[in-house]
Each structure stands twice: as structure tokens, then as C-alpha cells.
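First comes the structure, then the notes that go with it.
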Amino acid sequence: MRDVAIVSFAQYLAAQADGDEVEMLVPVIGEAVAEVGLRRQDVDFVCSGSCDYLIGRPFSFVSGLDAVGAWPPLRESHVEMDGAWALYEAWIRLQHEDVEVALVYGFGRASLGDLAVLLSQQLDPYTMAPLGPDAVSLAALQARALLDAGKATERDFAAVAARNRQAAMANPHAHSGDPRSEDALLESGYEVAPLRAHDVAPVTDGAAAVVLAVGDRARELCARPAWITGIDHRIDAHDLGLRDLTTSPSTRRAAEEAGVAAGPVHVAEIHAPFSHQEIIVQEALGLGPETRVNPSGGALGAHPTMAAGLVRVGEAARRIHGGEAGRVVAHATSGPCLQQNLVAVMEARDG
């Protein structure tokens with residue numbers, strides 16, 4: 001296997017973007033490439049993640065290529081998933097030994113429509129979608145199951161929300177910071193019981209990009225590359241009635257395959273669009289109290305649909321780039337109630 005590392009990361013997040021998808025992407029891709037002194041033609045492979053439902057027209061990834069500057073013609077691919085899954089495809093592509101540098105990006109403008117309703121289109125089209133449950137209501141059912149099983153309390157949810165939203169205040173890219181304590185948060189009313197507004201990720205427009213490079217090329221481009229030592233993704237049953245919503249077997253299996261338990265985890269960036277999901281994922285990852293979870297504020301600080309998972313990967317890698325951590329874990333999720341999950345382990349290396 002070739003050694004692959006993340007050498008740069010850039011992002012743009014806003015409650016509502018000033019421009020269209022291309023206008024969001026141009027500065028983000030430009031920053032990610034320029035940070036490591038590359039020109040566009042130095043990139044051997046490009047892979048993106050987006051969603052046609054968000055834009056309301058087919059082949060949204062084609063418009064995204066306008067921001068890449070895809071001339072001369074380049075090798076390109078796309079996933080109808082969060083950009084974290086595009087990262088996985090690029091990682092595999094780099095193993096083929098004919099490319100050395102890859103650009104990965106994800107983007108979406110969730111403010112254009114009703115996101116909670118739009119995400120219901122991911123449900124089984126025969127038994128679930130006709131019932132019309134929105135994404136927040138489904139998450140509330142999961143949270144209720146967690147409470148009824150005695151695995152968490154509403155105060156636990158508030159503690160997660162308070163920690164993330166307070167951390168988001170120090171993140172210049174986040175837009176949903178909140179200084180309130182968990183006691184103050186518990187005084188607010190329900191959005192969909194047992195979830196309150198602070199338990200739900202904010203609607204966010206945004207884009208994120210990372211540059212991957214192999215071996216010596218990564219060392220040339222970055223003083224402290226974030227080496228991907230393990231990465232895996234798994235999926236649980238599509239039918240919500242066929243699984244225990246209080247656990248995440250797919251996260252646990254992905255963590256095992258990625259080797260999370262092989263060493264200490266200094267920082268973990270968990271993609272949890274709802275506060276209770278961080279509790280479920282943290283247990284599935286097997287993280288201990290020594291791990292800093294979501295120092296960026298996580299998805300509760302900003303949640304760009306189709307880029308939020310890639311942001312978690314980038315934020316975790318950034319802790320290695322800056323010398324704050326030696327081994328980190330990033331998690332991304334997609335689908336209702338933590339249906340699909342990706343786990344990546346990244347490490348710094350001396351020499």
C-alpha cells in the first residue's frame with residue numbers, strides 16, 4: 001500500500017452563501033491548492049461529493065468542475081455522497097501508482113430548500129418515504145430510544161451541545177456558537193421532543209477541499225503531513241426497524257478496520273448532526289476521556305450538507321499540521337439515524 005497523506009485543507013461555511021456553488025468553491029479550491037504551492041495542472045486526480053437534490057438539477061458535480069479549472073483535461077470522478085466518501089475514492093485511486101496528487105472537495109447549499117424534508121428522500125421509497133417523516137423527527141425517535149434504554153439523559157444531550165457550541169465560538173468558520181451552559185440550554189423548549197433547537201445542527205451552505213499526496217511528494221508539500229494510516233466505511237440496514245438505533249455497528253466495524261484502537265487518539269472530529277448521535281458514535285469508536293472531541297465545534301457549530309464529513313476530516317488533519325496532535329480520528333455519517341459511517345485514522349510521522 002502506498003503512503004497517502006492530507007497536506008492541505010480549506011473551507012467556507014455560512015448560514016447562507018453570498019454566491020452560487022461555483023462562487024463558493026473557487027476560493028476554497030484555490031486556497032487548498034495554493035497552500036502547498038501547487039498549480040491546478042499539478043493535480044493528477046479530482047474527486048467531488050455533492051447532491052443534485054440540493055441544487056434542484058441533475059449533474060451538479062459538472063458545475064462544480066468550473067471551479068477546478070479542469071483544463072487541460074484531467075482525471076475526475078464524483079460521488080453522490082458527502083465529500084468524505086470522495087476522499088475514500090481518491091485514497092484508493094492514489095494506490096494505483098500512476099498519480100501522486102489528488103484534490104477532493106464537497107459542496108452544497110442547504111439554505112435553498114427545506115433540508116429536513118429533502119433528506120427524507122433518502123428513505124425506503126416503498127415503506128418509509130410515503131409516511132413523510134422528516135430528518136429531525138427521525139433523529140428524535142433515535143434520541144427517545146436512547147433515553148428509554150437508559151443510555152443517556154436529556155442533560156447528557158445538553159452537555160454535548162454546550163461543549164460543541166462553546167467550542168464553535170473560537171472557530172472563525174463556524175456560525176452557530178453559543179456561550180450558554182447546559183443548564184441554560186435545558187430551559188429552552190423542544191423542537192421535536194426530546195430534541196431542542198441546540199441539539200440540531202444548523203442549516204449551512206458551504207464547501208470544503210483537501211489535497212492528498214503520496215510518499216515523498218507529501219513530504220515535499222507539507223512540513224507535517226497527516227498520514228492516513230487507516231480508513232474504512234460501512235453501512236447499516238436501510239430499514240430503521242431492522243436495527244437498534246441506540247448503537248452504531250457500522251461505525252464500530254469501520255473503527256476496527258481503520259485501526260482506531262491501535263494507539264492513543266488525541267483528537268476526534270465526530271460528524272454528529274444531532275447531539276445524541278455524538279454519544280452513540282463516541283461509544284462505537286471506543287474513545288476514552290483522554291480524547292478531545294470536536295474542538296472545532298463539530299456539526300453543531302456548522303453543518304454544510306455534502307461537505308460536513310469532509311470538514312471533520314480536514315479539521316482533524318489540521319491538528320496534525322499545526323502540531324497540536326500526533327494521532328487523530330475523523331468520522332463522517334450519511335443517511336437517517338447514522339445509517340452509513342466512515343472512519344479515518346491519521347498520524348504524524350517523524351523524519
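In the C-alpha cells, chains take letters A, B, ... by order of appearance, with residues numbered from 1 within each chain and ligands from 1 in the order shown.
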
(message) Show me, as a list of chain:residue names, the residues that have an atom within 6 Å of Met306 (chain A) when counting only C-alpha atoms, minus same-chain residues fewer than 5 positions from it.
(response)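 Using only C-alpha atoms, the neighbours found are A:Ser50, A:Asp82, A:Gly83, A:Gly106, A:Phe107, A:Gly108.
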
(request) Identify, with DSSP run on backbone atoms, the residues in region 128-262 of chain A assigned to strand (DSSP E or B), and express the list as a count of residues only. (result) 27

(message) List as a list of chain:residue names the protein and nucleic acid residues near Glu31 (chain A), meaning an atom at most 12 Å away when only C-alpha atoms are counted, but skip any in the same chain fewer than 4 places from it.
(response)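 Answer for this query is A:Ser8, A:Phe9, A:Ala10, A:Gln11, A:Tyr12, A:Met24, A:Leu25, A:Val26, A:Pro27, A:Glu35, A:Val36, A:Gly37, A:Leu38, A:Arg39, A:Arg40, A:Ala67, A:Val68, A:Leu103, A:Ala207, A:Ala208, A:Ala209, A:Val210, A:Val211.
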
For the residues in the current selection, export N, CA and C atoms as a PDB file, in the first residue's frame.
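Now in result.pdb:
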ATOM      1  N   SER A   8      -3.178  19.612   2.813  1.00  0.00           N
ATOM      2  CA  SER A   8      -3.796  20.931   2.991  1.00  0.00           C
ATOM      3  C   SER A   8      -5.302  20.793   3.108  1.00  0.00           C
ATOM      4  N   PHE A   9      -5.922  21.823   3.667  1.00  0.00           N
ATOM      5  CA  PHE A   9      -7.368  21.824   3.915  1.00  0.00           C
ATOM      6  C   PHE A   9      -7.870  23.260   3.889  1.00  0.00           C
ATOM      7  N   ALA A  10      -9.021  23.469   3.242  1.00  0.00           N
ATOM      8  CA  ALA A  10      -9.656  24.783   3.215  1.00  0.00           C
ATOM      9  C   ALA A  10     -11.163  24.597   3.261  1.00  0.00           C
ATOM     10  N   GLN A  11     -11.868  25.609   3.757  1.00  0.00           N
ATOM     11  CA  GLN A  11     -13.317  25.503   3.889  1.00  0.00           C
ATOM     12  C   GLN A  11     -13.982  26.873   3.831  1.00  0.00           C
ATOM     13  N   TYR A  12     -15.264  26.852   3.473  1.00  0.00           N
ATOM     14  CA  TYR A  12     -16.118  28.044   3.524  1.00  0.00           C
ATOM     15  C   TYR A  12     -17.460  27.609   4.079  1.00  0.00           C
ATOM     16  N   MET A  24     -18.793  29.627  -4.317  1.00  0.00           N
ATOM     17  CA  MET A  24     -18.324  29.109  -3.032  1.00  0.00           C
ATOM     18  C   MET A  24     -17.031  28.325  -3.208  1.00  0.00           C
ATOM     19  N   LEU A  25     -16.964  27.546  -4.274  1.00  0.00           N
ATOM     20  CA  LEU A  25     -15.852  26.620  -4.451  1.00  0.00           C
ATOM     21  C   LEU A  25     -14.553  27.284  -4.896  1.00  0.00           C
ATOM     22  N   VAL A  26     -14.639  28.296  -5.744  1.00  0.00           N
ATOM     23  CA  VAL A  26     -13.429  28.879  -6.332  1.00  0.00           C
ATOM     24  C   VAL A  26     -12.395  29.281  -5.274  1.00  0.00           C
ATOM     25  N   PRO A  27     -12.762  30.079  -4.266  1.00  0.00           N
ATOM     26  CA  PRO A  27     -11.732  30.450  -3.278  1.00  0.00           C
ATOM     27  C   PRO A  27     -11.282  29.283  -2.411  1.00  0.00           C
ATOM     28  N   GLU A  35      -2.006  26.647  -0.812  1.00  0.00           N
ATOM     29  CA  GLU A  35      -1.383  26.449   0.498  1.00  0.00           C
ATOM     30  C   GLU A  35      -0.138  25.576   0.406  1.00  0.00           C
ATOM     31  N   VAL A  36      -0.131  24.655  -0.542  1.00  0.00           N
ATOM     32  CA  VAL A  36       1.028  23.762  -0.695  1.00  0.00           C
ATOM     33  C   VAL A  36       1.823  24.078  -1.962  1.00  0.00           C
ATOM     34  N   GLY A  37       1.605  25.267  -2.523  1.00  0.00           N
ATOM     35  CA  GLY A  37       2.404  25.741  -3.641  1.00  0.00           C
ATOM     36  C   GLY A  37       2.181  25.022  -4.953  1.00  0.00           C
ATOM     37  N   LEU A  38       0.984  24.481  -5.143  1.00  0.00           N
ATOM     38  CA  LEU A  38       0.681  23.773  -6.380  1.00  0.00           C
ATOM     39  C   LEU A  38      -0.032  24.669  -7.384  1.00  0.00           C
ATOM     40  N   ARG A  39       0.085  24.318  -8.639  1.00  0.00           N
ATOM     41  CA  ARG A  39      -0.752  24.897  -9.685  1.00  0.00           C
ATOM     42  C   ARG A  39      -1.865  23.900  -9.987  1.00  0.00           C
ATOM     43  N   ARG A  40      -2.931  24.372 -10.622  1.00  0.00           N
ATOM     44  CA  ARG A  40      -4.033  23.454 -10.919  1.00  0.00           C
ATOM     45  C   ARG A  40      -3.560  22.269 -11.750  1.00  0.00           C
ATOM     46  N   ALA A  67     -15.116  25.361 -11.046  1.00  0.00           N
ATOM     47  CA  ALA A  67     -14.251  25.956 -10.025  1.00  0.00           C
ATOM     48  C   ALA A  67     -12.874  25.311  -9.980  1.00  0.00           C
ATOM     49  N   VAL A  68     -12.748  24.136 -10.575  1.00  0.00           N
ATOM     50  CA  VAL A  68     -11.471  23.427 -10.553  1.00  0.00           C
ATOM     51  C   VAL A  68     -10.514  23.975 -11.597  1.00  0.00           C
ATOM     52  N   LEU A 103      -7.033  16.134  -5.579  1.00  0.00           N
ATOM     53  CA  LEU A 103      -7.847  17.179  -4.969  1.00  0.00           C
ATOM     54  C   LEU A 103      -9.228  16.596  -4.698  1.00  0.00           C
ATOM     55  N   ALA A 207     -18.543  24.680   1.504  1.00  0.00           N
ATOM     56  CA  ALA A 207     -17.676  23.844   0.678  1.00  0.00           C
ATOM     57  C   ALA A 207     -16.389  23.589   1.441  1.00  0.00           C
ATOM     58  N   ALA A 208     -15.784  22.453   1.149  1.00  0.00           N
ATOM     59  CA  ALA A 208     -14.502  22.111   1.760  1.00  0.00           C
ATOM     60  C   ALA A 208     -13.647  21.395   0.732  1.00  0.00           C
ATOM     61  N   ALA A 209     -12.345  21.525   0.869  1.00  0.00           N
ATOM     62  CA  ALA A 209     -11.415  20.871  -0.060  1.00  0.00           C
ATOM     63  C   ALA A 209     -10.167  20.436   0.684  1.00  0.00           C
ATOM     64  N   VAL A 210      -9.642  19.286   0.303  1.00  0.00           N
ATOM     65  CA  VAL A 210      -8.357  18.815   0.823  1.00  0.00           C
ATOM     66  C   VAL A 210      -7.497  18.374  -0.351  1.00  0.00           C
ATOM     67  N   VAL A 211      -6.202  18.439  -0.158  1.00  0.00           N
ATOM     68  CA  VAL A 211      -5.248  17.921  -1.134  1.00  0.00           C
ATOM     69  C   VAL A 211      -4.561  16.715  -0.518  1.00  0.00           C
TER      70      VAL A 211
END

(message) Using only C-alpha atoms, which protein or nucleic acid residues come within 9 Å of Gly298 (chain A)? Drop anything in the same chain fewer than 4 positions from it, and give the result as a PyMOL selection string.
(response) chain A and resi 164-165+167-168+174+269-273+293-294+302-303+308+311-312

With C-alpha atoms retained, write the just-selected residues as an mmCIF file, in the first residue's frame.
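To be explicit, this is the file written out as part.cif:
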data_model
loop_
_atom_site.group_PDB
_atom_site.id
_atom_site.type_symbol
_atom_site.label_atom_id
_atom_site.label_comp_id
_atom_site.auth_asym_id
_atom_site.auth_seq_id
_atom_site.Cartn_x
_atom_site.Cartn_y
_atom_site.Cartn_z
ATOM 1 C CA ASN A 164 -19.682 21.890 20.881
ATOM 2 C CA ARG A 165 -21.374 25.258 20.574
ATOM 3 C CA ALA A 167 -16.022 25.456 21.030
ATOM 4 C CA ALA A 168 -17.611 26.825 17.852
ATOM 5 C CA ALA A 174 -18.478 28.156 12.434
ATOM 6 C CA GLU A 269 -13.746 15.007 14.968
ATOM 7 C CA ILE A 270 -17.169 13.332 15.028
ATOM 8 C CA HIS A 271 -19.828 14.121 12.435
ATOM 9 C CA ALA A 272 -22.948 14.249 14.618
ATOM 10 C CA PRO A 273 -25.768 16.394 13.171
ATOM 11 C CA VAL A 293 -13.821 15.549 20.859
ATOM 12 C CA ASN A 294 -14.792 18.182 18.294
ATOM 13 C CA ALA A 302 -21.794 24.435 11.262
ATOM 14 C CA HIS A 303 -23.166 21.668 9.078
ATOM 15 C CA ALA A 308 -19.670 18.266 6.747
ATOM 16 C CA VAL A 311 -14.778 19.134 7.141
ATOM 17 C CA ARG A 312 -14.393 16.707 10.036
#

(request) Assign secondary structure with DSSP using the backbone only, and return the residues of region 55-147 of chain A in helix (DSSP H, G or I) as a PyMOL selection string. (result) chain A and resi 55+60-67+83-94+110-112+115-122+129-131+135-147

(message) Please determine, counting only C-alpha atoms, which residue among A:Ala5, A:Ala213, A:Leu141, A:Ala170 has the shortest atom-to-atom distance to Ile231 (chain A).
(response)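 Closest to Ile231 (chain A), using only C-alpha atoms: A:Ala5.
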
(message) Would you pick out the contacts of region 122-139 of chain A at 12 Å or less, using only C-alpha atoms, so that residues sharing its chain but fewer than 3 positions from it are not included, and give the list as a ChimeraX atom specification?
(response) /A:51,53,80-81,114-119,142-146,190-197,199-203,237-241,245-246,272-277,334-340

(message) Measuring between only C-alpha atoms, which one of A:Ile279, A:Val43, A:Val343, A:Val62 shows the shortest distance to Gly230 (chain A)?
(response) A:Val343

I'd like the contact shell of Met346 (chain A) - 9 Å cut-off, only C-alpha atoms, skipping same-chain residues fewer than 2 positions apart - returned as a PDB file with C-alpha atoms, in the first residue's frame.
ATOM      1  CA  ALA A   5      -1.376  11.999   3.487  1.00  0.00           C
ATOM      2  CA  ILE A   6      -3.584  15.055   3.674  1.00  0.00           C
ATOM      3  CA  ALA A 226      -1.416  13.947   8.184  1.00  0.00           C
ATOM      4  CA  TRP A 227      -0.773  10.360   7.092  1.00  0.00           C
ATOM      5  CA  ILE A 228      -3.887   8.260   6.590  1.00  0.00           C
ATOM      6  CA  THR A 229      -2.976   5.043   8.404  1.00  0.00           C
ATOM      7  CA  GLY A 230      -6.465   3.549   8.254  1.00  0.00           C
ATOM      8  CA  ILE A 231      -9.769   4.302   6.541  1.00  0.00           C
ATOM      9  CA  ALA A 316      -8.709  16.538  12.346  1.00  0.00           C
ATOM     10  CA  ALA A 317      -5.837  16.686   9.845  1.00  0.00           C
ATOM     11  CA  ILE A 320      -1.594  17.331  12.955  1.00  0.00           C
ATOM     12  CA  GLY A 326       0.074  13.194  16.821  1.00  0.00           C
ATOM     13  CA  ARG A 327      -2.822  10.816  16.158  1.00  0.00           C
ATOM     14  CA  VAL A 328      -6.373  11.770  15.283  1.00  0.00           C
ATOM     15  CA  VAL A 329      -9.635  10.185  14.187  1.00  0.00           C
ATOM     16  CA  ALA A 330     -12.237  11.627  11.829  1.00  0.00           C
ATOM     17  CA  ALA A 344     -10.308   7.629   9.118  1.00  0.00           C
ATOM     18  CA  ALA A 348       2.132  12.363  12.201  1.00  0.00           C
TER      19      ALA A 348
END

Within 6 Å of Cys222 (chain A), counting only C-alpha atoms, which residues show up once you throw out same-chain ones fewer than 3 positions away? Write them as a CSV table (one decimal) with N, CA and C atoms, in the first residue's frame, please.
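File result13.csv, as written:
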chain,number,residue,atom,x,y,z
A,7,VAL,N,-2.3,17.0,2.9
A,7,VAL,CA,-1.3,18.0,3.0
A,7,VAL,C,-1.9,19.4,3.1
A,219,ARG,N,5.8,14.8,1.6
A,219,ARG,CA,6.8,15.4,2.4
A,219,ARG,C,7.3,16.7,1.8
A,225,PRO,N,2.8,16.3,7.3
A,225,PRO,CA,1.6,15.7,6.7
A,225,PRO,C,0.8,14.9,7.7

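You can rank A:Ser296, A:Thr291, A:Ser181, A:Asn341 by their closest distance to Arg234 (chain A) using only C-alpha atoms, and at the top of that list sits A:Asn341.
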
(request) Could you jot down the CA of Gly322 (chain A) to CA of Glu100 (chain A) separation for me, Å, one decimal place? (result)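 Pair CA of Gly322 (chain A) / CA of Glu100 (chain A) returns 23.2 Å.
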
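Closest approach to Thr204 (chain A) among A:Gln16, A:Ser60, A:Ser188, A:Ser48: A:Gln16, based on only C-alpha atoms.
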
(message) Report, in Å to a single decimal, how far apart CA of Gly206 (chain A) and CA of Asp52 (chain A) are.
(response)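 Answer for the CA of Asp52 (chain A) to CA of Gly206 (chain A) separation: 15.0 Å.
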